[in-house]
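Participant: So I've got this file, work-v1.cif, and it contains mmCIF, C-alpha atoms and all ligand atoms:
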```
data_coords
loop_
_atom_site.label_atom_id
_atom_site.label_comp_id
_atom_site.auth_asym_id
_atom_site.auth_seq_id
_atom_site.Cartn_x
_atom_site.Cartn_y
_atom_site.Cartn_z
CA LYS A 65 26.85 -8.45 0.54
CA ALA A 66 24.84 -9.84 3.47
CA LYS A 67 25.12 -7.84 6.66
CA LYS A 68 26.93 -9.81 9.36
CA LYS A 69 24.63 -10.54 12.28
CA SER A 70 25.91 -9.24 15.60
CA SER A 71 26.21 -11.95 18.22
CA TYR A 72 24.01 -9.78 20.46
CA GLU A 73 21.19 -9.71 17.93
CA ILE A 74 18.18 -11.68 19.09
CA GLU A 75 14.68 -11.96 17.70
CA THR A 76 11.94 -12.07 20.30
CA LEU A 77 8.51 -13.56 19.70
CA THR A 78 6.98 -10.08 20.03
CA HIS A 79 9.26 -8.76 17.31
CA TRP A 80 8.59 -11.78 15.11
CA LEU A 81 4.82 -11.34 15.47
CA LEU A 82 5.08 -7.66 14.53
CA LYS A 83 7.11 -8.62 11.47
CA GLN A 84 4.41 -11.09 10.40
CA GLU A 85 1.88 -8.30 10.78
CA GLN A 86 3.97 -5.84 8.77
CA ASN A 87 4.33 -8.44 6.02
CA GLY A 88 0.57 -8.90 5.90
CA VAL A 89 0.67 -12.55 7.02
CA ILE A 90 -1.52 -11.88 10.08
CA ASP A 91 -3.62 -8.89 11.07
CA SER A 92 -3.12 -6.73 14.13
CA GLU A 93 -5.95 -8.43 16.01
CA LEU A 94 -4.40 -11.86 15.57
CA THR A 95 -1.04 -10.47 16.66
CA ILE A 96 -2.64 -9.46 19.96
CA VAL A 97 -4.35 -12.84 20.41
CA LEU A 98 -1.09 -14.72 19.80
CA SER A 99 0.85 -12.43 22.05
CA SER A 100 -1.65 -12.94 24.88
CA ILE A 101 -1.36 -16.70 24.41
CA SER A 102 2.41 -16.42 24.83
CA THR A 103 1.88 -14.46 28.05
CA ALA A 104 -0.41 -17.22 29.36
CA CYS A 105 2.28 -19.79 28.51
CA LYS A 106 4.95 -17.85 30.40
CA GLN A 107 2.70 -17.70 33.43
CA ILE A 108 1.92 -21.43 33.23
CA ALA A 109 5.64 -22.20 32.79
CA SER A 110 6.41 -20.53 36.08
CA LEU A 111 3.49 -22.24 37.85
CA VAL A 112 4.63 -25.63 36.55
CA GLN A 113 8.21 -24.98 37.58
CA ARG A 114 7.20 -24.07 41.12
CA ALA A 115 4.38 -26.63 41.46
CA ASN A 116 6.10 -28.69 44.13
CA ILE A 117 7.14 -25.65 46.14
CA SER A 118 3.78 -23.89 46.11
CA ASN A 119 1.79 -27.07 46.78
CA LEU A 120 0.15 -27.16 43.36
CA THR A 121 0.66 -30.86 42.70
CA GLY A 122 -2.12 -33.43 43.01
CA VAL A 123 -5.77 -33.52 42.08
CA GLN A 124 -8.31 -30.77 42.43
CA GLY A 125 -11.08 -33.14 43.46
CA ALA A 126 -13.23 -32.39 40.42
CA VAL A 127 -13.83 -34.43 37.29
CA ASN A 128 -14.08 -32.70 33.91
CA ILE A 129 -16.87 -33.23 31.37
CA GLN A 130 -14.87 -36.08 29.86
CA GLY A 131 -14.78 -37.99 33.13
CA GLU A 132 -11.11 -37.29 33.83
CA ASP A 133 -9.73 -36.22 37.21
CA GLN A 134 -8.65 -32.62 37.03
CA LYS A 135 -5.30 -31.78 38.54
CA LYS A 136 -4.97 -28.54 40.50
CA LEU A 137 -2.77 -27.19 37.74
CA ASP A 138 -5.29 -28.17 35.02
CA VAL A 139 -7.80 -25.89 36.67
CA ILE A 140 -5.38 -23.02 37.30
CA SER A 141 -3.85 -23.19 33.81
CA ASN A 142 -7.32 -23.06 32.33
CA GLU A 143 -8.03 -19.90 34.30
CA VAL A 144 -4.74 -18.34 33.24
CA PHE A 145 -5.39 -19.09 29.56
CA SER A 146 -8.99 -17.91 29.67
CA SER A 147 -8.24 -14.67 31.43
CA CYS A 148 -5.29 -13.79 29.17
CA LEU A 149 -7.49 -14.38 26.13
CA LYS A 150 -10.46 -12.50 27.51
CA SER A 151 -8.42 -9.48 28.46
CA SER A 152 -6.76 -9.42 25.02
CA GLY A 153 -10.07 -7.95 23.85
CA ARG A 154 -9.66 -9.70 20.52
CA THR A 155 -11.24 -13.06 21.22
CA GLY A 156 -14.91 -13.80 20.63
CA ILE A 157 -15.21 -17.44 21.63
CA ILE A 158 -12.91 -19.68 23.62
CA ALA A 159 -13.16 -23.44 23.90
CA SER A 160 -11.03 -25.42 26.31
CA GLU A 161 -10.49 -29.10 26.89
CA GLU A 162 -11.24 -28.38 30.55
CA GLU A 163 -14.60 -26.64 30.04
CA ASP A 164 -17.96 -28.29 29.36
CA VAL A 165 -18.93 -25.93 26.55
CA PRO A 166 -17.26 -23.14 24.59
CA VAL A 167 -17.87 -19.69 26.04
CA ALA A 168 -18.52 -16.36 24.43
CA VAL A 169 -16.29 -13.63 25.76
CA GLU A 170 -18.37 -10.85 27.34
CA GLU A 171 -19.45 -8.09 24.96
CA SER A 172 -17.38 -5.43 26.67
CA PHE A 173 -14.09 -7.13 25.85
CA SER A 174 -14.96 -9.17 22.87
CA GLY A 175 -13.34 -9.44 19.46
CA ASN A 176 -13.89 -12.01 16.78
CA TYR A 177 -11.30 -14.74 16.90
CA VAL A 178 -12.18 -18.26 17.99
CA VAL A 179 -9.50 -19.86 20.15
CA VAL A 180 -9.35 -23.54 21.09
CA PHE A 181 -6.84 -24.79 23.64
CA ASP A 182 -5.72 -27.52 25.96
CA PRO A 183 -4.19 -25.45 28.78
CA LEU A 184 -2.07 -28.19 30.34
CA ASP A 185 -1.72 -31.33 28.31
CA GLY A 186 -0.10 -34.41 29.78
CA SER A 187 -0.79 -33.22 33.31
CA SER A 188 -0.43 -36.75 34.67
CA ASN A 189 3.30 -35.99 34.40
CA ILE A 190 3.23 -32.90 36.62
CA ASP A 191 3.81 -34.45 40.02
CA ALA A 192 6.97 -36.14 38.73
CA ALA A 193 8.25 -32.95 37.09
CA VAL A 194 8.17 -34.58 33.65
CA SER A 195 7.36 -32.56 30.46
CA THR A 196 3.90 -31.13 29.88
CA GLY A 197 2.59 -28.54 27.45
CA SER A 198 -0.17 -26.21 26.28
CA ILE A 199 -1.71 -26.55 22.81
CA PHE A 200 -3.73 -23.91 20.94
CA GLY A 201 -5.41 -23.13 17.64
CA VAL A 202 -7.00 -19.95 16.29
CA TYR A 203 -9.89 -19.72 13.80
CA SER A 204 -11.76 -16.88 12.18
CA PRO A 205 -15.42 -16.71 13.06
CA ASN A 206 -17.53 -18.69 10.57
CA ASP A 207 -20.88 -17.47 9.20
CA GLU A 208 -22.85 -19.34 11.85
CA CYS A 209 -20.86 -17.59 14.54
CA LEU A 210 -21.81 -14.19 13.20
CA ALA A 211 -25.47 -15.09 12.58
CA ASP A 212 -27.94 -12.70 14.17
CA ILE A 213 -29.61 -14.21 17.23
CA GLY A 214 -31.46 -11.09 18.30
CA ASP A 215 -30.78 -8.58 21.03
CA ASN A 216 -31.63 -10.71 24.03
CA PRO A 217 -30.49 -14.25 23.27
CA THR A 218 -30.82 -16.93 25.93
CA LEU A 219 -27.68 -18.55 27.31
CA ASP A 220 -28.57 -21.70 25.37
CA GLN A 221 -28.71 -19.78 22.11
CA VAL A 222 -25.35 -18.17 22.80
CA THR A 223 -23.81 -21.53 23.71
CA GLN A 224 -25.27 -23.17 20.64
CA ARG A 225 -23.79 -20.46 18.47
CA CYS A 226 -20.41 -20.93 20.13
CA VAL A 227 -20.50 -24.68 19.54
CA VAL A 228 -21.19 -24.15 15.84
CA GLY A 229 -18.51 -21.46 15.70
CA VAL A 230 -15.92 -23.76 17.21
CA CYS A 231 -16.76 -26.86 15.17
CA GLN A 232 -14.57 -26.00 12.19
CA PRO A 233 -12.21 -28.33 10.32
CA GLY A 234 -8.49 -27.90 10.98
CA ASN A 235 -8.19 -26.67 7.39
CA ASN A 236 -9.59 -23.34 8.58
CA LEU A 237 -6.90 -22.80 11.22
CA LEU A 238 -5.15 -19.44 10.91
CA ALA A 239 -2.55 -20.20 13.55
CA ALA A 240 -1.62 -23.06 15.85
CA GLY A 241 1.12 -23.85 18.28
CA TYR A 242 2.19 -25.30 21.56
CA CYS A 243 4.37 -24.49 24.49
CA MET A 244 6.44 -27.26 26.06
CA TYR A 245 7.39 -27.04 29.73
CA SER A 246 10.53 -29.14 29.89
CA SER A 247 14.25 -28.71 30.59
CA SER A 248 13.64 -25.50 28.70
CA VAL A 249 10.39 -23.79 27.81
CA ILE A 250 9.81 -24.03 24.07
CA PHE A 251 7.13 -22.12 22.16
CA VAL A 252 6.34 -23.44 18.68
CA ILE A 253 4.06 -21.58 16.31
CA THR A 254 2.82 -21.55 12.74
CA VAL A 255 0.72 -18.92 11.02
CA GLY A 256 0.65 -20.99 7.83
CA GLU A 257 4.12 -20.06 6.57
CA GLY A 258 6.37 -22.64 8.18
CA VAL A 259 7.10 -23.60 11.76
CA TYR A 260 9.07 -21.34 14.11
CA VAL A 261 10.57 -22.35 17.44
CA PHE A 262 11.24 -19.95 20.31
CA THR A 263 13.00 -20.69 23.59
CA LEU A 264 12.20 -18.84 26.78
CA ASP A 265 15.34 -17.07 27.87
CA PRO A 266 15.17 -17.09 31.66
CA MET A 267 17.53 -14.10 31.80
CA TYR A 268 15.40 -11.86 29.57
CA GLY A 269 12.02 -13.44 30.37
CA GLU A 270 11.36 -13.42 26.61
CA PHE A 271 10.78 -16.07 24.00
CA VAL A 272 13.75 -15.89 21.62
CA LEU A 273 13.75 -17.34 18.10
CA THR A 274 15.94 -20.45 18.06
CA SER A 275 14.89 -22.27 14.83
CA GLU A 276 12.98 -21.19 11.77
CA LYS A 277 11.23 -23.06 8.97
CA VAL A 278 11.67 -26.34 10.82
CA THR A 279 11.22 -29.44 8.67
CA ILE A 280 10.52 -32.95 9.87
CA PRO A 281 12.64 -35.76 8.38
CA ARG A 282 10.76 -37.73 5.69
CA SER A 283 11.22 -40.94 7.69
CA GLY A 284 12.57 -41.87 11.10
CA LYS A 285 12.98 -45.05 13.11
CA ILE A 286 11.38 -43.95 16.36
CA TYR A 287 7.82 -44.89 17.33
CA SER A 288 5.82 -43.39 20.15
CA PHE A 289 2.69 -45.35 21.13
CA ASN A 290 1.27 -46.49 24.47
CA GLU A 291 1.94 -50.17 23.86
CA GLY A 292 0.21 -51.09 27.10
CA ASN A 293 -2.94 -51.06 24.97
CA TYR A 294 -1.54 -53.59 22.46
CA GLN A 295 -3.91 -56.43 23.37
CA MET A 296 -6.90 -54.18 22.69
CA TRP A 297 -5.66 -53.15 19.25
CA ASP A 298 -6.94 -54.33 15.92
CA ASP A 299 -4.94 -57.19 14.30
CA LYS A 300 -3.79 -54.94 11.45
CA LEU A 301 -2.27 -52.50 13.89
CA LYS A 302 -0.64 -55.31 15.89
CA LYS A 303 0.97 -56.51 12.66
CA TYR A 304 2.29 -53.03 11.93
CA MET A 305 3.74 -52.75 15.43
CA ASP A 306 5.31 -56.23 15.26
CA GLY A 307 6.94 -55.18 11.97
CA LEU A 308 8.60 -52.15 13.57
CA LYS A 309 10.36 -54.46 16.00
CA ASP A 310 11.58 -56.80 13.29
CA PRO A 311 15.22 -55.87 12.55
CA GLY A 312 14.80 -57.14 8.94
CA THR A 313 17.75 -56.81 6.58
CA SER A 314 18.88 -53.47 8.01
CA GLY A 315 19.61 -55.26 11.27
CA LYS A 316 18.05 -52.56 13.44
CA PRO A 317 14.52 -52.39 14.81
CA TYR A 318 12.75 -49.10 15.50
CA SER A 319 13.35 -47.46 18.89
CA ALA A 320 10.48 -46.86 21.32
CA ARG A 321 10.09 -43.47 23.05
CA TYR A 322 6.97 -42.54 24.98
CA ILE A 323 6.63 -39.77 27.54
CA GLY A 324 2.83 -39.83 27.74
CA SER A 325 2.78 -36.12 27.02
CA LEU A 326 1.67 -35.32 23.50
CA VAL A 327 3.56 -32.04 23.31
CA GLY A 328 6.86 -33.65 24.31
CA ASP A 329 6.37 -36.75 22.19
CA PHE A 330 5.33 -34.62 19.23
CA HIS A 331 8.20 -32.14 19.58
CA ARG A 332 10.75 -34.96 19.57
CA THR A 333 9.03 -36.58 16.58
CA MET A 334 9.12 -33.31 14.64
CA LEU A 335 12.84 -32.82 15.28
CA TYR A 336 14.11 -36.40 15.00
CA GLY A 337 11.53 -37.94 12.66
CA GLY A 338 9.39 -41.02 13.28
CA ILE A 339 5.78 -41.46 14.28
CA TYR A 340 3.51 -40.72 17.23
CA GLY A 341 0.28 -42.70 17.46
CA TYR A 342 -2.76 -42.87 19.68
CA PRO A 343 -4.95 -45.49 18.02
CA GLY A 344 -8.51 -46.48 18.76
CA ASP A 345 -8.87 -49.81 20.56
CA ALA A 346 -11.50 -52.32 21.67
CA LYS A 347 -12.41 -50.16 24.66
CA ASN A 348 -12.08 -46.69 23.14
CA LYS A 349 -12.98 -46.83 19.48
CA ASN A 350 -11.61 -43.34 18.81
CA GLY A 351 -8.61 -43.46 21.11
CA LYS A 352 -8.07 -40.70 23.61
CA LEU A 353 -6.97 -37.51 21.90
CA ARG A 354 -9.36 -34.67 21.13
CA LEU A 355 -9.77 -33.47 17.55
CA LEU A 356 -10.21 -29.78 18.40
CA TYR A 357 -7.61 -29.15 21.07
CA GLU A 358 -4.94 -31.70 20.24
CA CYS A 359 -5.16 -33.43 16.85
CA ALA A 360 -6.09 -30.52 14.56
CA PRO A 361 -3.53 -27.96 15.87
CA MET A 362 -0.75 -30.60 15.88
CA SER A 363 -1.69 -31.70 12.36
CA PHE A 364 -1.52 -28.11 11.10
CA ILE A 365 1.94 -27.77 12.63
CA VAL A 366 3.20 -31.11 11.28
CA GLU A 367 2.00 -30.30 7.75
CA GLN A 368 3.70 -26.92 7.95
CA ALA A 369 6.88 -28.82 8.81
CA GLY A 370 6.39 -31.14 5.81
CA GLY A 371 4.93 -34.07 7.75
CA LYS A 372 1.55 -35.73 7.93
CA GLY A 373 -1.35 -36.11 10.39
CA SER A 374 -3.93 -38.85 9.83
CA ASP A 375 -6.66 -40.71 11.69
CA GLY A 376 -5.46 -43.85 9.90
CA ARG A 377 -7.67 -43.31 6.88
CA GLN A 378 -7.97 -39.60 6.22
CA ARG A 379 -6.17 -36.33 6.70
CA VAL A 380 -6.97 -34.91 10.15
CA LEU A 381 -7.33 -31.36 8.82
CA ASP A 382 -10.21 -32.45 6.57
CA ILE A 383 -12.33 -33.77 9.45
CA LEU A 384 -15.30 -31.59 10.36
CA PRO A 385 -15.93 -31.89 14.11
CA THR A 386 -19.49 -32.81 15.01
CA GLU A 387 -19.05 -32.21 18.71
CA ILE A 388 -16.58 -30.14 20.66
CA HIS A 389 -14.93 -32.86 22.74
CA GLN A 390 -14.82 -35.35 19.86
CA ARG A 391 -11.96 -37.86 19.93
CA ILE A 392 -10.21 -39.40 16.95
CA PRO A 393 -7.37 -41.91 16.47
CA LEU A 394 -4.15 -40.06 15.61
CA TYR A 395 -1.04 -41.02 13.63
CA ILE A 396 1.30 -38.12 13.14
CA GLY A 397 4.89 -37.49 12.10
CA SER A 398 7.18 -38.23 9.13
CA VAL A 399 5.31 -38.67 5.85
CA GLU A 400 6.75 -42.11 5.09
CA GLU A 401 5.98 -43.42 8.57
CA VAL A 402 2.37 -42.23 8.52
CA ASP A 403 1.93 -43.62 4.99
CA LYS A 404 3.22 -46.94 6.24
CA VAL A 405 0.72 -47.26 9.09
CA GLU A 406 -2.11 -46.18 6.76
CA LYS A 407 -1.16 -49.02 4.40
CA PHE A 408 -1.37 -51.55 7.22
CA LEU A 409 -4.73 -50.23 8.37
CA ALA A 410 -6.26 -50.11 4.88
P1 LIG B 501 -4.74 -35.00 28.90
O1 LIG B 501 -5.17 -33.94 27.93
O2 LIG B 501 -5.84 -35.41 29.82
O3 LIG B 501 -3.47 -34.63 29.61
O4 LIG B 501 -4.47 -36.33 28.05
C1 LIG B 501 -3.72 -36.27 26.87
C2 LIG B 501 -2.43 -37.02 27.06
C3 LIG B 501 -1.46 -36.76 25.96
O5 LIG B 501 -0.59 -35.74 26.27
C4 LIG B 501 -0.72 -38.06 25.87
O6 LIG B 501 -0.18 -38.23 24.61
C5 LIG B 501 -1.75 -39.06 26.23
O7 LIG B 501 -2.71 -38.39 27.01
C6 LIG B 501 -1.21 -40.19 27.03
O8 LIG B 501 -2.22 -41.08 27.32
P2 LIG B 501 -1.91 -42.51 27.97
O9 LIG B 501 -1.57 -42.23 29.38
O10 LIG B 501 -3.19 -43.26 27.79
O11 LIG B 501 -0.78 -43.11 27.19
MG MG B 502 -4.91 -32.95 26.49
#
```
Can you give me the file's structure in the form of structure tokens?
Ligand code: AHM
Ligand code: MG
Facilitator:
Amino acid sequence: KAKKKSSYEIETLTHWLLKQEQNGVIDSELTIVLSSISTACKQIASLVQRANISNLTGVQGAVNIQGEDQKKLDVISNEVFSSCLKSSGRTGIIASEEEDVPVAVEESFSGNYVVVFDPLDGSSNIDAAVSTGSIFGVYSPNDECLADIGDNPTLDQVTQRCVVGVCQPGNNLLAAGYCMYSSSVIFVITVGEGVYVFTLDPMYGEFVLTSEKVTIPRSGKIYSFNEGNYQMWDDKLKKYMDGLKDPGTSGKPYSARYIGSLVGDFHRTMLYGGIYGYPGDAKNKNGKLRLLYECAPMSFIVEQAGGKGSDGRQRVLDILPTEIHQRIPLYIGSVEEVDKVEKFLA
């Protein structure tokens, strides 16, 4: 007979991670890396929540390597993430959307894991207190990463080794997740055995398990694209989009939902079904989203939930990055919806 669960019984993220370790799904080093990521997310959640009060809205005045204005909170969140990971002592290389190149964690603290992250995605929403998020992925070091480069390598050699270490296909991801800063703070994670959702309990200050083995509906009539770019799209894509708005025999067109924050738009898509897309267009052939920090981790998560992530032609997780800030078109969500757009684009 199954033991009745007490209504006071909760499962925290820390407990869940330890259970994964006990079951041999992750090792103790990865447990520490993931736990330090969750600490960074808690810290960013509180910074985001108080941004207007502590004067952390607005731009920093700097432009990142990708030519984008950095917000004050982009810069601070990057520091929070980096320092949590460095002090975990289990990370060897970290690569961030906000840094020019991946960095090797100093010898004295370093471990082996390679962590890629976008510390504050969708930060254009911050000043209006609309949802944002952090996205992360964790890889094992590849052979190139561990290659001997002598006792006194130059900074260039170290950087080069980091770049090669980070440029792995999403297929190699050991863990990926995101944290959404919204009406509640939601931490979503996969270690390759399904998708688990935790909610930050403001009373306990802990992430508490709220859904396990989440699955995305096979289809869903919600689309999430920035249609402002429509005129710059390829004709095939325009045709697909026009079709979604055609009520057809069912009498109901698809609904449009677009926050402009990948984490929020993705989270809704995973729960309700449908499709999120950021296509390439006449101006930006590969769209906007980054393979390493955004597309690959999200594709790992969606596949773990039974969905699909594609660049329109191939599976995102099969793409080998050739440069760290590489962008790709992204179509992600319910299997049938992603299949449908692929058919149009073929
Ligand atoms: P960011 O990493 O600079 O914040 O940009 C990524 C964001 C995504 O969260 C979102 O899906 C997309 O950019 C929105 O772009 P657009 O404003 O072009 O629709
Ligand atoms: Mg981003």
Participant: Hey, which bits of chain A sit within 9 Å of ligand MG 502 (chain B), and for each residue what's the closest pair of atoms and how far apart in Å (one decimal), counting all atoms listed in the file, rows by chain and increasing number, as CSV?
Facilitator:
```
residue,atom,partner,partner_atom,distance
A:Glu161,CA,B:MG502,MG,6.8
A:Glu162,CA,B:MG502,MG,8.8
A:Phe181,CA,B:MG502,MG,8.9
A:Asp182,CA,B:MG502,MG,5.5
A:Pro183,CA,B:MG502,MG,7.9
A:Leu184,CA,B:MG502,MG,6.7
A:Asp185,CA,B:MG502,MG,4.0
A:Gly186,CA,B:MG502,MG,6.0
A:Ser187,CA,B:MG502,MG,8.0
A:Gly197,CA,B:MG502,MG,8.8
A:Ser198,CA,B:MG502,MG,8.2
A:Ile199,CA,B:MG502,MG,8.0
A:Ser325,CA,B:MG502,MG,8.3
A:Leu326,CA,B:MG502,MG,7.6
A:Lys352,CA,B:MG502,MG,8.9
A:Leu353,CA,B:MG502,MG,6.8
A:Arg354,CA,B:MG502,MG,7.2
A:Tyr357,CA,B:MG502,MG,7.1
A:Glu358,CA,B:MG502,MG,6.4
```
Participant: Could you write out that same residue set with C-alpha atoms as a JSON list (two decimals), in the frame of the given file?
Facilitator:
```
[["chain", "number", "residue", "atom", "x", "y", "z"],
["A", 161, "GLU", "CA", -10.49, -29.10, 26.89],
["A", 162, "GLU", "CA", -11.24, -28.38, 30.55],
["A", 181, "PHE", "CA", -6.84, -24.79, 23.64],
["A", 182, "ASP", "CA", -5.72, -27.52, 25.96],
["A", 183, "PRO", "CA", -4.19, -25.45, 28.78],
["A", 184, "LEU", "CA", -2.07, -28.19, 30.34],
["A", 185, "ASP", "CA", -1.72, -31.33, 28.31],
["A", 186, "GLY", "CA", -0.10, -34.41, 29.78],
["A", 187, "SER", "CA", -0.79, -33.22, 33.31],
["A", 197, "GLY", "CA", 2.59, -28.54, 27.45],
["A", 198, "SER", "CA", -0.17, -26.21, 26.28],
["A", 199, "ILE", "CA", -1.71, -26.55, 22.81],
["A", 325, "SER", "CA", 2.78, -36.12, 27.02],
["A", 326, "LEU", "CA", 1.67, -35.32, 23.50],
["A", 352, "LYS", "CA", -8.07, -40.70, 23.61],
["A", 353, "LEU", "CA", -6.97, -37.51, 21.90],
["A", 354, "ARG", "CA", -9.36, -34.67, 21.13],
["A", 357, "TYR", "CA", -7.61, -29.15, 21.07],
["A", 358, "GLU", "CA", -4.94, -31.70, 20.24]]
```
Participant: Would you please work out which residue, of A:Asp298, A:Gly292, A:Pro361, A:Met334, is nearest to Lys349 in chain A when using all atoms listed in the file?
Facilitator: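 Of A:Asp298, A:Gly292, A:Pro361, A:Met334, the one nearest Lys349 in chain A, counting all atoms listed in the file, is A:Asp298.
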Participant: Within 12 Å of Thr196 in chain A, counting only C-alpha atoms, which residues qualify if same-chain residues fewer than 3 places away don't, as number ranges by chain?
Facilitator: A: 105, 108-109, 111-113, 137-138, 141, 182-193, 199, 242-250, 323-331
Participant: Around ligand LIG 501 (chain B), with edges along x, y and z and 8 Å added on all six sides, what centre and edge lengths do you get, in Å to one decimal, as AutoDock Vina command-line options?
Facilitator:
```
--center_x -3.0 --center_y -38.6 --center_z 27.2 --size_x 21.7 --size_y 25.3 --size_z 21.2
```
Participant: Rounded to one decimal, what separation in Å do you get between CA of Val255 in chain A and CA of Lys106 in chain A?
Facilitator: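 Going from CA of Val255 in chain A over to CA of Lys106 in chain A, I get 19.9 Å.
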Participant: Of the candidates A:Val405, A:Met305, A:Trp80, A:Gly344, which one gets nearest to Glu291 in chain A if we count all atoms listed in the file?
Facilitator: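 Distance minimum relative to Glu291 in chain A lands on A:Met305.
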Participant: So what do you get for CA of Val278 in chain A versus CA of Leu81 in chain A, distance-wise?
Facilitator: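 Pair CA of Val278 in chain A / CA of Leu81 in chain A returns 17.1 Å.
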Participant: Between atom C6 of ligand LIG 501 (chain B) and CA of Phe271 in chain A, what is the distance in Å, rounded to a tenth?
Facilitator: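 Answer for the atom C6 of ligand LIG 501 (chain B) to CA of Phe271 in chain A separation: 27.1 Å.
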Participant: For a quick check of understanding, using all atoms listed in the file, which of A:Pro311, A:Gly337, A:Pro343, A:Pro205 has the smallest distance to ligand LIG 501 (chain B)?
Facilitator: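 Among the listed residues, the smallest separation from ligand LIG 501 (chain B) belongs to A:Pro343.
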Participant: Between A:Val167, A:Val194, A:Val139, A:Ala104, which residue has the minimum interatomic distance to Ser152 in chain A, considering all atoms listed in the file?
Facilitator: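 The answer is A:Ala104, which sits nearest to Ser152 in chain A.
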Participant: Looking at A:Leu82, A:Ile157, A:Leu77, A:Met362, which one is nearest to Val380 in chain A, with distances taken over only C-alpha atoms?
Facilitator: A:Met362
Participant: Considering all atoms listed in the file, state which residue in the set A:Phe408, A:Tyr318, A:Trp297, A:Tyr336 is at the smallest distance from Ile280 in chain A.
Facilitator: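 Residue with the minimum atom-to-atom distance to Ile280 in chain A: A:Tyr336.
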Participant: Please work out which residues fall within 12 Å of (7.6, -34.9, 12.6), coordinates as given in the file, with all atoms listed in the file counting, and return them as JSON, numbers by chain.
Facilitator: {"A": [259, 278, 279, 280, 281, 282, 283, 284, 285, 286, 287, 288, 327, 328, 329, 330, 331, 332, 333, 334, 335, 336, 337, 338, 339, 340, 341, 362, 363, 364, 365, 366, 367, 368, 369, 370, 371, 372, 373, 395, 396, 397, 398, 399, 400, 401, 402]}
Participant: Do you know which residues are at most 9 Å from Lys309 in chain A counting only C-alpha atoms, after dropping those on the same chain fewer than 5 positions away, and could you put them as a PyMOL selection string?
Facilitator: chain A and resi 316-319
Participant: Find the residues around Val202 in chain A up to 8 Å (all atoms listed in the file counted), leave out those fewer than 6 positions away in its own chain, and share them as an MDAnalysis selection string.
Facilitator: chainID A and resid 177:180 237:240
Participant: Determine, counting only C-alpha atoms, which protein, DNA and RNA residues have an atom within 8 Å of an atom of His389 in chain A; residues of the same chain fewer than 2 positions away are not included. Present the result as a VMD selection string.
Facilitator: chain A and resid 130 161 354 to 356 387 391
Participant: For C-alpha atoms, I'd like the residues from the last selection saved as a PDB file, in the coordinates of the input.
Facilitator:
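Result saved to result-v9.pdb:
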```
ATOM      1  CA  GLN A 130     -14.870 -36.080  29.860  1.00  0.00           C
ATOM      2  CA  GLU A 161     -10.490 -29.100  26.890  1.00  0.00           C
ATOM      3  CA  ARG A 354      -9.360 -34.670  21.130  1.00  0.00           C
ATOM      4  CA  LEU A 355      -9.770 -33.470  17.550  1.00  0.00           C
ATOM      5  CA  LEU A 356     -10.210 -29.780  18.400  1.00  0.00           C
ATOM      6  CA  GLU A 387     -19.050 -32.210  18.710  1.00  0.00           C
ATOM      7  CA  ARG A 391     -11.960 -37.860  19.930  1.00  0.00           C
TER       8      ARG A 391
END
```
